[in-house]
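Below is the file protein32.txt, which contains compact mmCIF, N, CA and C atoms.
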# COMPACT_ATOMS: atom_id res chain seq x y z
N MET A 213 296.95 43.83 -80.35
CA MET A 213 297.32 42.47 -80.08
C MET A 213 296.36 41.92 -79.03
N LYS A 214 295.84 40.78 -79.32
CA LYS A 214 294.85 40.16 -78.47
C LYS A 214 295.55 39.29 -77.44
N SER A 215 295.15 39.46 -76.14
CA SER A 215 295.79 38.63 -75.12
C SER A 215 295.09 37.28 -75.09
N PRO A 216 295.86 36.26 -74.82
CA PRO A 216 295.27 34.92 -74.79
C PRO A 216 294.36 34.77 -73.57
N ASN A 217 293.40 33.88 -73.67
CA ASN A 217 292.52 33.60 -72.53
C ASN A 217 293.34 32.94 -71.44
N LEU A 218 293.31 33.58 -70.27
CA LEU A 218 294.08 33.07 -69.15
C LEU A 218 293.19 32.23 -68.26
N SER A 219 293.75 31.22 -67.67
CA SER A 219 292.99 30.39 -66.74
C SER A 219 292.74 31.18 -65.46
N ILE A 220 291.78 30.74 -64.69
CA ILE A 220 291.44 31.43 -63.44
C ILE A 220 292.64 31.47 -62.49
N PRO A 221 293.34 30.35 -62.26
CA PRO A 221 294.52 30.43 -61.38
C PRO A 221 295.56 31.44 -61.88
N GLU A 222 295.71 31.53 -63.19
CA GLU A 222 296.68 32.48 -63.75
C GLU A 222 296.20 33.91 -63.54
N GLN A 223 294.90 34.15 -63.70
CA GLN A 223 294.35 35.50 -63.46
C GLN A 223 294.50 35.89 -61.99
N ILE A 224 294.28 34.94 -61.10
CA ILE A 224 294.45 35.21 -59.67
C ILE A 224 295.90 35.56 -59.36
N ARG A 225 296.82 34.78 -59.95
CA ARG A 225 298.23 35.05 -59.71
C ARG A 225 298.63 36.42 -60.23
N ARG A 226 298.13 36.81 -61.38
CA ARG A 226 298.49 38.10 -61.96
C ARG A 226 297.87 39.27 -61.18
N ASN A 227 296.71 39.03 -60.57
CA ASN A 227 296.00 40.11 -59.86
C ASN A 227 296.02 39.91 -58.34
N PHE A 228 296.98 39.16 -57.87
CA PHE A 228 297.04 38.84 -56.44
C PHE A 228 297.11 40.09 -55.57
N VAL A 229 297.94 41.04 -55.91
CA VAL A 229 298.12 42.25 -55.11
C VAL A 229 296.79 43.03 -55.06
N ALA A 230 296.11 43.12 -56.17
CA ALA A 230 294.84 43.84 -56.20
C ALA A 230 293.79 43.13 -55.35
N LEU A 231 293.76 41.80 -55.40
CA LEU A 231 292.80 41.04 -54.60
C LEU A 231 293.08 41.17 -53.10
N VAL A 232 294.35 41.11 -52.73
CA VAL A 232 294.73 41.27 -51.33
C VAL A 232 294.36 42.68 -50.86
N SER A 233 294.62 43.67 -51.69
CA SER A 233 294.27 45.04 -51.35
C SER A 233 292.76 45.19 -51.16
N LEU A 234 291.98 44.55 -51.99
CA LEU A 234 290.53 44.61 -51.88
C LEU A 234 290.06 43.96 -50.58
N VAL A 235 290.62 42.79 -50.23
CA VAL A 235 290.26 42.11 -48.99
C VAL A 235 290.62 42.99 -47.78
N ILE A 236 291.79 43.59 -47.80
CA ILE A 236 292.21 44.45 -46.70
C ILE A 236 291.29 45.66 -46.59
N ALA A 237 290.94 46.26 -47.71
CA ALA A 237 290.06 47.44 -47.68
C ALA A 237 288.68 47.09 -47.13
N VAL A 238 288.11 45.98 -47.57
CA VAL A 238 286.78 45.59 -47.10
C VAL A 238 286.82 45.23 -45.62
N SER A 239 287.84 44.50 -45.20
CA SER A 239 287.92 44.13 -43.78
C SER A 239 288.18 45.36 -42.91
N SER A 240 288.98 46.30 -43.38
CA SER A 240 289.23 47.53 -42.62
C SER A 240 287.95 48.35 -42.49
N LEU A 241 287.20 48.44 -43.57
CA LEU A 241 285.94 49.18 -43.54
C LEU A 241 284.95 48.51 -42.58
N SER A 242 284.89 47.19 -42.62
CA SER A 242 283.99 46.46 -41.72
C SER A 242 284.38 46.67 -40.26
N TYR A 243 285.66 46.57 -39.96
CA TYR A 243 286.13 46.77 -38.59
C TYR A 243 285.86 48.20 -38.13
N THR A 244 286.13 49.17 -38.98
CA THR A 244 285.91 50.56 -38.61
C THR A 244 284.43 50.81 -38.33
N SER A 245 283.57 50.26 -39.15
CA SER A 245 282.12 50.42 -38.92
C SER A 245 281.71 49.78 -37.61
N TRP A 246 282.19 48.57 -37.36
CA TRP A 246 281.86 47.87 -36.11
C TRP A 246 282.38 48.66 -34.91
N ARG A 247 283.61 49.15 -34.98
CA ARG A 247 284.21 49.89 -33.87
C ARG A 247 283.44 51.19 -33.61
N HIS A 248 283.05 51.86 -34.67
CA HIS A 248 282.28 53.09 -34.52
C HIS A 248 280.94 52.80 -33.85
N GLU A 249 280.30 51.73 -34.23
CA GLU A 249 279.03 51.34 -33.63
C GLU A 249 279.20 51.03 -32.14
N GLN A 250 280.26 50.33 -31.78
CA GLN A 250 280.54 50.02 -30.37
C GLN A 250 280.81 51.29 -29.57
N THR A 251 281.58 52.19 -30.16
CA THR A 251 281.90 53.45 -29.49
C THR A 251 280.63 54.25 -29.25
N GLU A 252 279.75 54.30 -30.23
CA GLU A 252 278.50 55.04 -30.09
C GLU A 252 277.61 54.40 -29.03
N GLU A 253 277.56 53.08 -29.01
CA GLU A 253 276.77 52.38 -28.00
C GLU A 253 277.31 52.66 -26.59
N ASN A 254 278.62 52.63 -26.43
CA ASN A 254 279.23 52.94 -25.14
C ASN A 254 278.96 54.39 -24.74
N HIS A 255 279.03 55.28 -25.70
CA HIS A 255 278.76 56.70 -25.42
C HIS A 255 277.31 56.87 -24.94
N ASN A 256 276.37 56.24 -25.63
CA ASN A 256 274.97 56.34 -25.23
C ASN A 256 274.74 55.74 -23.85
N SER A 257 275.38 54.62 -23.58
CA SER A 257 275.26 53.99 -22.25
C SER A 257 275.83 54.90 -21.17
N ARG A 258 276.98 55.51 -21.44
CA ARG A 258 277.58 56.43 -20.46
C ARG A 258 276.65 57.60 -20.16
N MET A 259 276.13 58.19 -21.21
CA MET A 259 275.26 59.36 -21.01
C MET A 259 274.00 58.97 -20.23
N ALA A 260 273.39 57.84 -20.58
CA ALA A 260 272.19 57.39 -19.86
C ALA A 260 272.54 57.06 -18.41
N ALA A 261 273.69 56.45 -18.19
CA ALA A 261 274.10 56.08 -16.82
C ALA A 261 274.37 57.33 -15.98
N PHE A 262 275.04 58.32 -16.55
CA PHE A 262 275.30 59.56 -15.80
C PHE A 262 274.00 60.27 -15.44
N GLU A 263 273.08 60.34 -16.40
CA GLU A 263 271.78 60.97 -16.12
C GLU A 263 271.01 60.19 -15.06
N ALA A 264 271.06 58.86 -15.15
CA ALA A 264 270.38 58.03 -14.14
C ALA A 264 270.98 58.27 -12.76
N LEU A 265 272.30 58.39 -12.68
CA LEU A 265 272.95 58.66 -11.39
C LEU A 265 272.52 60.01 -10.83
N LEU A 266 272.39 61.00 -11.69
CA LEU A 266 271.92 62.31 -11.23
C LEU A 266 270.50 62.22 -10.68
N LYS A 267 269.63 61.51 -11.39
CA LYS A 267 268.24 61.36 -10.93
C LYS A 267 268.17 60.52 -9.67
N LEU A 268 269.04 59.53 -9.54
CA LEU A 268 269.08 58.75 -8.31
C LEU A 268 269.47 59.63 -7.12
N GLY A 269 270.42 60.53 -7.34
CA GLY A 269 270.80 61.46 -6.28
C GLY A 269 269.65 62.38 -5.89
N GLU A 270 268.92 62.85 -6.88
CA GLU A 270 267.79 63.72 -6.60
C GLU A 270 266.68 62.96 -5.87
N LEU A 271 266.46 61.70 -6.26
CA LEU A 271 265.47 60.88 -5.57
C LEU A 271 265.89 60.63 -4.13
N GLN A 272 267.17 60.36 -3.92
CA GLN A 272 267.68 60.15 -2.57
C GLN A 272 267.47 61.40 -1.71
N GLN A 273 267.73 62.55 -2.30
CA GLN A 273 267.53 63.80 -1.59
C GLN A 273 266.05 64.00 -1.24
N LEU A 274 265.17 63.67 -2.16
CA LEU A 274 263.73 63.77 -1.91
C LEU A 274 263.33 62.87 -0.74
N VAL A 275 263.88 61.65 -0.71
CA VAL A 275 263.58 60.72 0.40
C VAL A 275 264.04 61.31 1.72
N PHE A 276 265.23 61.88 1.75
CA PHE A 276 265.74 62.49 2.98
C PHE A 276 264.84 63.64 3.44
N HIS A 277 264.47 64.51 2.49
CA HIS A 277 263.59 65.63 2.84
C HIS A 277 262.24 65.14 3.36
N ARG A 278 261.69 64.16 2.71
CA ARG A 278 260.36 63.68 3.09
C ARG A 278 260.39 62.91 4.41
N HIS A 279 261.36 62.01 4.54
CA HIS A 279 261.36 61.11 5.70
C HIS A 279 262.01 61.73 6.94
N TYR A 280 263.19 62.26 6.77
CA TYR A 280 263.94 62.71 7.93
C TYR A 280 263.66 64.16 8.31
N ASP A 281 263.46 65.02 7.30
CA ASP A 281 263.25 66.44 7.58
C ASP A 281 261.77 66.80 7.65
N GLN A 282 260.92 65.88 7.21
CA GLN A 282 259.47 66.11 7.19
C GLN A 282 259.11 67.36 6.38
N GLU A 283 259.85 67.60 5.32
CA GLU A 283 259.59 68.74 4.45
C GLU A 283 258.72 68.25 3.28
N LEU A 284 257.44 68.53 3.37
CA LEU A 284 256.51 68.02 2.37
C LEU A 284 256.71 68.67 1.00
N ASP A 285 257.11 69.93 0.98
CA ASP A 285 257.29 70.60 -0.31
C ASP A 285 258.52 70.06 -1.06
N LYS A 286 259.59 69.73 -0.35
CA LYS A 286 260.79 69.19 -1.00
C LYS A 286 260.75 67.67 -1.11
N GLY A 287 259.79 67.05 -0.46
CA GLY A 287 259.69 65.60 -0.48
C GLY A 287 258.37 65.14 -1.08
N ASN A 288 257.94 65.80 -2.13
CA ASN A 288 256.67 65.50 -2.77
C ASN A 288 256.73 64.14 -3.48
N PRO A 289 255.83 63.21 -3.15
CA PRO A 289 255.85 61.89 -3.79
C PRO A 289 255.62 61.92 -5.30
N ARG A 290 254.87 62.89 -5.79
CA ARG A 290 254.68 62.99 -7.24
C ARG A 290 256.01 63.28 -7.94
N THR A 291 256.80 64.13 -7.33
CA THR A 291 258.13 64.40 -7.86
C THR A 291 258.97 63.12 -7.81
N GLY A 292 258.81 62.37 -6.72
CA GLY A 292 259.51 61.09 -6.60
C GLY A 292 259.13 60.12 -7.72
N TRP A 293 257.84 60.07 -8.03
CA TRP A 293 257.39 59.23 -9.15
C TRP A 293 258.05 59.66 -10.45
N ALA A 294 258.15 60.96 -10.66
CA ALA A 294 258.78 61.46 -11.89
C ALA A 294 260.24 61.02 -11.95
N TYR A 295 260.95 61.11 -10.83
CA TYR A 295 262.34 60.64 -10.80
C TYR A 295 262.42 59.14 -11.07
N VAL A 296 261.58 58.38 -10.41
CA VAL A 296 261.62 56.92 -10.57
C VAL A 296 261.34 56.53 -12.02
N LEU A 297 260.35 57.13 -12.63
CA LEU A 297 260.02 56.80 -14.02
C LEU A 297 261.13 57.24 -14.98
N THR A 298 261.74 58.38 -14.70
CA THR A 298 262.86 58.83 -15.53
C THR A 298 264.05 57.88 -15.39
N ILE A 299 264.33 57.46 -14.18
CA ILE A 299 265.42 56.50 -13.95
C ILE A 299 265.13 55.20 -14.70
N GLN A 300 263.90 54.75 -14.63
CA GLN A 300 263.53 53.52 -15.32
C GLN A 300 263.68 53.68 -16.84
N ASP A 301 263.26 54.82 -17.37
CA ASP A 301 263.41 55.07 -18.80
C ASP A 301 264.88 55.10 -19.21
N LEU A 302 265.70 55.81 -18.45
CA LEU A 302 267.12 55.88 -18.77
C LEU A 302 267.78 54.51 -18.67
N SER A 303 267.40 53.75 -17.67
CA SER A 303 268.00 52.44 -17.47
C SER A 303 267.58 51.44 -18.54
N SER A 304 266.48 51.71 -19.22
CA SER A 304 266.08 50.81 -20.31
C SER A 304 267.08 50.86 -21.45
N LEU A 305 267.90 51.90 -21.49
CA LEU A 305 268.95 52.01 -22.51
C LEU A 305 270.22 51.29 -22.10
N LEU A 306 270.25 50.78 -20.87
CA LEU A 306 271.45 50.14 -20.32
C LEU A 306 271.28 48.63 -20.31
N PRO A 307 272.41 47.92 -20.34
CA PRO A 307 272.32 46.46 -20.25
C PRO A 307 272.04 46.01 -18.82
N PRO A 308 271.61 44.77 -18.66
CA PRO A 308 271.41 44.23 -17.30
C PRO A 308 272.74 44.25 -16.56
N PRO A 309 272.76 44.36 -15.27
CA PRO A 309 271.65 44.34 -14.32
C PRO A 309 271.05 45.71 -14.03
N ALA A 310 271.53 46.78 -14.68
CA ALA A 310 271.01 48.12 -14.40
C ALA A 310 269.52 48.20 -14.71
N THR A 311 269.09 47.54 -15.76
CA THR A 311 267.67 47.54 -16.13
C THR A 311 266.82 46.91 -15.04
N GLU A 312 267.27 45.76 -14.55
CA GLU A 312 266.49 45.05 -13.52
C GLU A 312 266.45 45.83 -12.21
N SER A 313 267.57 46.43 -11.82
CA SER A 313 267.57 47.15 -10.55
C SER A 313 266.70 48.41 -10.64
N ALA A 314 266.62 49.04 -11.81
CA ALA A 314 265.73 50.20 -11.96
C ALA A 314 264.27 49.76 -11.89
N SER A 315 263.96 48.61 -12.46
CA SER A 315 262.59 48.08 -12.36
C SER A 315 262.26 47.74 -10.92
N SER A 316 263.23 47.19 -10.22
CA SER A 316 263.04 46.87 -8.80
C SER A 316 262.85 48.14 -7.98
N LEU A 317 263.57 49.20 -8.33
CA LEU A 317 263.41 50.49 -7.66
C LEU A 317 261.99 51.01 -7.85
N ALA A 318 261.49 50.92 -9.07
CA ALA A 318 260.12 51.40 -9.34
C ALA A 318 259.10 50.60 -8.54
N GLU A 319 259.32 49.30 -8.47
CA GLU A 319 258.43 48.44 -7.70
C GLU A 319 258.49 48.78 -6.21
N THR A 320 259.70 48.97 -5.70
CA THR A 320 259.89 49.31 -4.29
C THR A 320 259.27 50.67 -3.98
N TRP A 321 259.49 51.64 -4.86
CA TRP A 321 258.89 52.96 -4.66
C TRP A 321 257.36 52.83 -4.61
N GLY A 322 256.80 52.08 -5.54
CA GLY A 322 255.35 51.89 -5.57
C GLY A 322 254.81 51.25 -4.31
N ASP A 323 255.59 50.36 -3.72
CA ASP A 323 255.14 49.67 -2.51
C ASP A 323 255.34 50.50 -1.24
N HIS A 324 256.31 51.43 -1.24
CA HIS A 324 256.70 52.07 0.02
C HIS A 324 256.62 53.59 0.07
N TRP A 325 256.29 54.26 -1.01
CA TRP A 325 256.34 55.73 -0.97
C TRP A 325 255.38 56.32 0.06
N GLU A 326 254.28 55.66 0.29
CA GLU A 326 253.30 56.20 1.25
C GLU A 326 253.81 56.13 2.69
N GLY A 327 254.77 55.26 2.96
CA GLY A 327 255.31 55.14 4.31
C GLY A 327 256.40 56.14 4.64
N LEU A 328 256.85 56.89 3.62
CA LEU A 328 257.90 57.89 3.89
C LEU A 328 257.38 58.93 4.87
N GLY A 329 258.18 59.23 5.84
CA GLY A 329 257.82 60.20 6.85
C GLY A 329 257.30 59.56 8.12
N SER A 330 256.84 58.32 8.02
CA SER A 330 256.27 57.68 9.21
C SER A 330 256.79 56.26 9.45
N ASN A 331 257.35 55.64 8.45
CA ASN A 331 257.75 54.24 8.57
C ASN A 331 259.21 54.09 8.15
N GLN A 332 260.07 53.75 9.12
CA GLN A 332 261.50 53.61 8.84
C GLN A 332 261.77 52.47 7.85
N ALA A 333 260.99 51.40 7.92
CA ALA A 333 261.18 50.27 7.01
C ALA A 333 260.95 50.71 5.56
N SER A 334 260.00 51.59 5.34
CA SER A 334 259.75 52.10 3.98
C SER A 334 260.94 52.92 3.49
N ALA A 335 261.44 53.79 4.34
CA ALA A 335 262.60 54.60 3.97
C ALA A 335 263.81 53.71 3.70
N ASP A 336 264.00 52.69 4.52
CA ASP A 336 265.13 51.77 4.33
C ASP A 336 264.99 50.98 3.03
N ALA A 337 263.78 50.54 2.72
CA ALA A 337 263.56 49.77 1.49
C ALA A 337 263.85 50.63 0.26
N ILE A 338 263.35 51.85 0.26
CA ILE A 338 263.57 52.75 -0.88
C ILE A 338 265.05 53.11 -1.00
N THR A 339 265.67 53.44 0.13
CA THR A 339 267.10 53.77 0.10
C THR A 339 267.93 52.59 -0.37
N GLY A 340 267.57 51.39 0.06
CA GLY A 340 268.28 50.19 -0.40
C GLY A 340 268.14 49.98 -1.90
N ALA A 341 266.95 50.21 -2.42
CA ALA A 341 266.72 50.06 -3.87
C ALA A 341 267.50 51.13 -4.65
N ILE A 342 267.55 52.34 -4.10
CA ILE A 342 268.33 53.41 -4.75
C ILE A 342 269.80 53.02 -4.76
N ASP A 343 270.32 52.55 -3.62
CA ASP A 343 271.73 52.14 -3.54
C ASP A 343 272.05 51.00 -4.49
N ASN A 344 271.14 50.05 -4.59
CA ASN A 344 271.35 48.91 -5.49
C ASN A 344 271.41 49.37 -6.95
N THR A 345 270.49 50.26 -7.32
CA THR A 345 270.50 50.78 -8.69
C THR A 345 271.75 51.60 -8.95
N ARG A 346 272.14 52.40 -7.98
CA ARG A 346 273.36 53.20 -8.12
C ARG A 346 274.58 52.29 -8.30
N ASN A 347 274.70 51.26 -7.47
CA ASN A 347 275.85 50.35 -7.56
C ASN A 347 275.88 49.63 -8.90
N ASP A 348 274.74 49.15 -9.37
CA ASP A 348 274.70 48.47 -10.67
C ASP A 348 275.09 49.41 -11.80
N THR A 349 274.66 50.65 -11.71
CA THR A 349 275.00 51.64 -12.73
C THR A 349 276.49 51.97 -12.70
N LEU A 350 277.06 52.09 -11.51
CA LEU A 350 278.50 52.36 -11.40
C LEU A 350 279.33 51.20 -11.92
N VAL A 351 278.91 49.99 -11.64
CA VAL A 351 279.63 48.81 -12.16
C VAL A 351 279.59 48.82 -13.69
N LEU A 352 278.44 49.15 -14.24
CA LEU A 352 278.32 49.24 -15.70
C LEU A 352 279.27 50.29 -16.25
N LEU A 353 279.30 51.46 -15.64
CA LEU A 353 280.19 52.52 -16.12
C LEU A 353 281.65 52.10 -16.08
N GLN A 354 282.02 51.40 -15.03
CA GLN A 354 283.41 50.94 -14.92
C GLN A 354 283.76 49.88 -15.95
N SER A 355 282.75 49.14 -16.42
CA SER A 355 283.01 48.08 -17.40
C SER A 355 283.12 48.60 -18.83
N LEU A 356 282.64 49.81 -19.08
CA LEU A 356 282.69 50.36 -20.45
C LEU A 356 284.11 50.75 -20.80
N LYS A 357 284.48 50.44 -21.99
CA LYS A 357 285.84 50.75 -22.46
C LYS A 357 285.77 51.66 -23.65
Structure encoded using structure tokens:
Amino acid sequence: MKSPNLSIPEQIRRNFVALVSLVIAVSSLSYTSWRHEQTEENHNSRMAAFEALLKLGELQQLVFHRHYDQELDKGNPRTGWAYVLTIQDLSSLLPPPATESASSLAETWGDHWEGLGSNQASADAITGAIDNTRNDTLVLLQSLK
């Protein structure tokens, strides 16, 4: 038996449940994909922020050894450059203002590393830049959900 040609409104009415199910399935899949992407982005930001905080602590320790303890082996400026560049690389994975403060830290380090051990203003400038980067990174971590 041949079914009669149904109009579009009649076909929609007959298949309403299937169409609603299809819309729900597509929207659920879209939301799940978006949520997974957000979760992965937050995870990557957390990992980069934690690593940056560790390197900031190591850089701070290097500054203390170089400036206050006058320990040249533990306060090697080349090691400091490695920390600064690593912090800058890690912060490039983070949203502002962490990116800007890491760039500012690199600039400050470049301007003042030679004064460590002899110039208190240089030590203060570098320590201030480290603190600023640390604070921006901590604020970012607290904002992630």
Query raised in the report: Just how far from CA of Ser257 (chain A) is atom N of Trp293 (chain A), in Å to one decimal?
Result: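 Distance between the two atoms: 23.3 Å.
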**Report entry** Selection as an MDAnalysis selection string: residues within 8 Å of (270.7, 49.6, -16.7), counting only N, CA and C atoms
**Finding:** chainID A and resid 260:261 302:314 348:349 352
Query - Selected residue, from A:Asn331, A:Val235, A:Ser242, A:Asn254, that lies nearest to His279 (chain A) when counting all atoms listed in the file - result: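 Ranking A:Asn331, A:Val235, A:Ser242, A:Asn254 by distance to His279 (chain A), first place goes to A:Asn331.
The nearest approach to Pro289 (chain A) among the residues A:Glu270, A:Glu326, A:Glu253, A:Asp343, with all atoms listed in the file taken into account, belongs to A:Glu326.
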Requested in this report: Could you jot down the CA of Leu317 (chain A) to CA of His255 (chain A) separation for me, Å, one decimal place?
Outcome: 24.3 Å
**Report entry** CA of Arg226 (chain A) to CA of Leu241 (chain A), distance in Å rounded to a single decimal
**Finding:**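 Atom-to-atom, CA of Arg226 (chain A) to CA of Leu241 (chain A), that is 24.9 Å.
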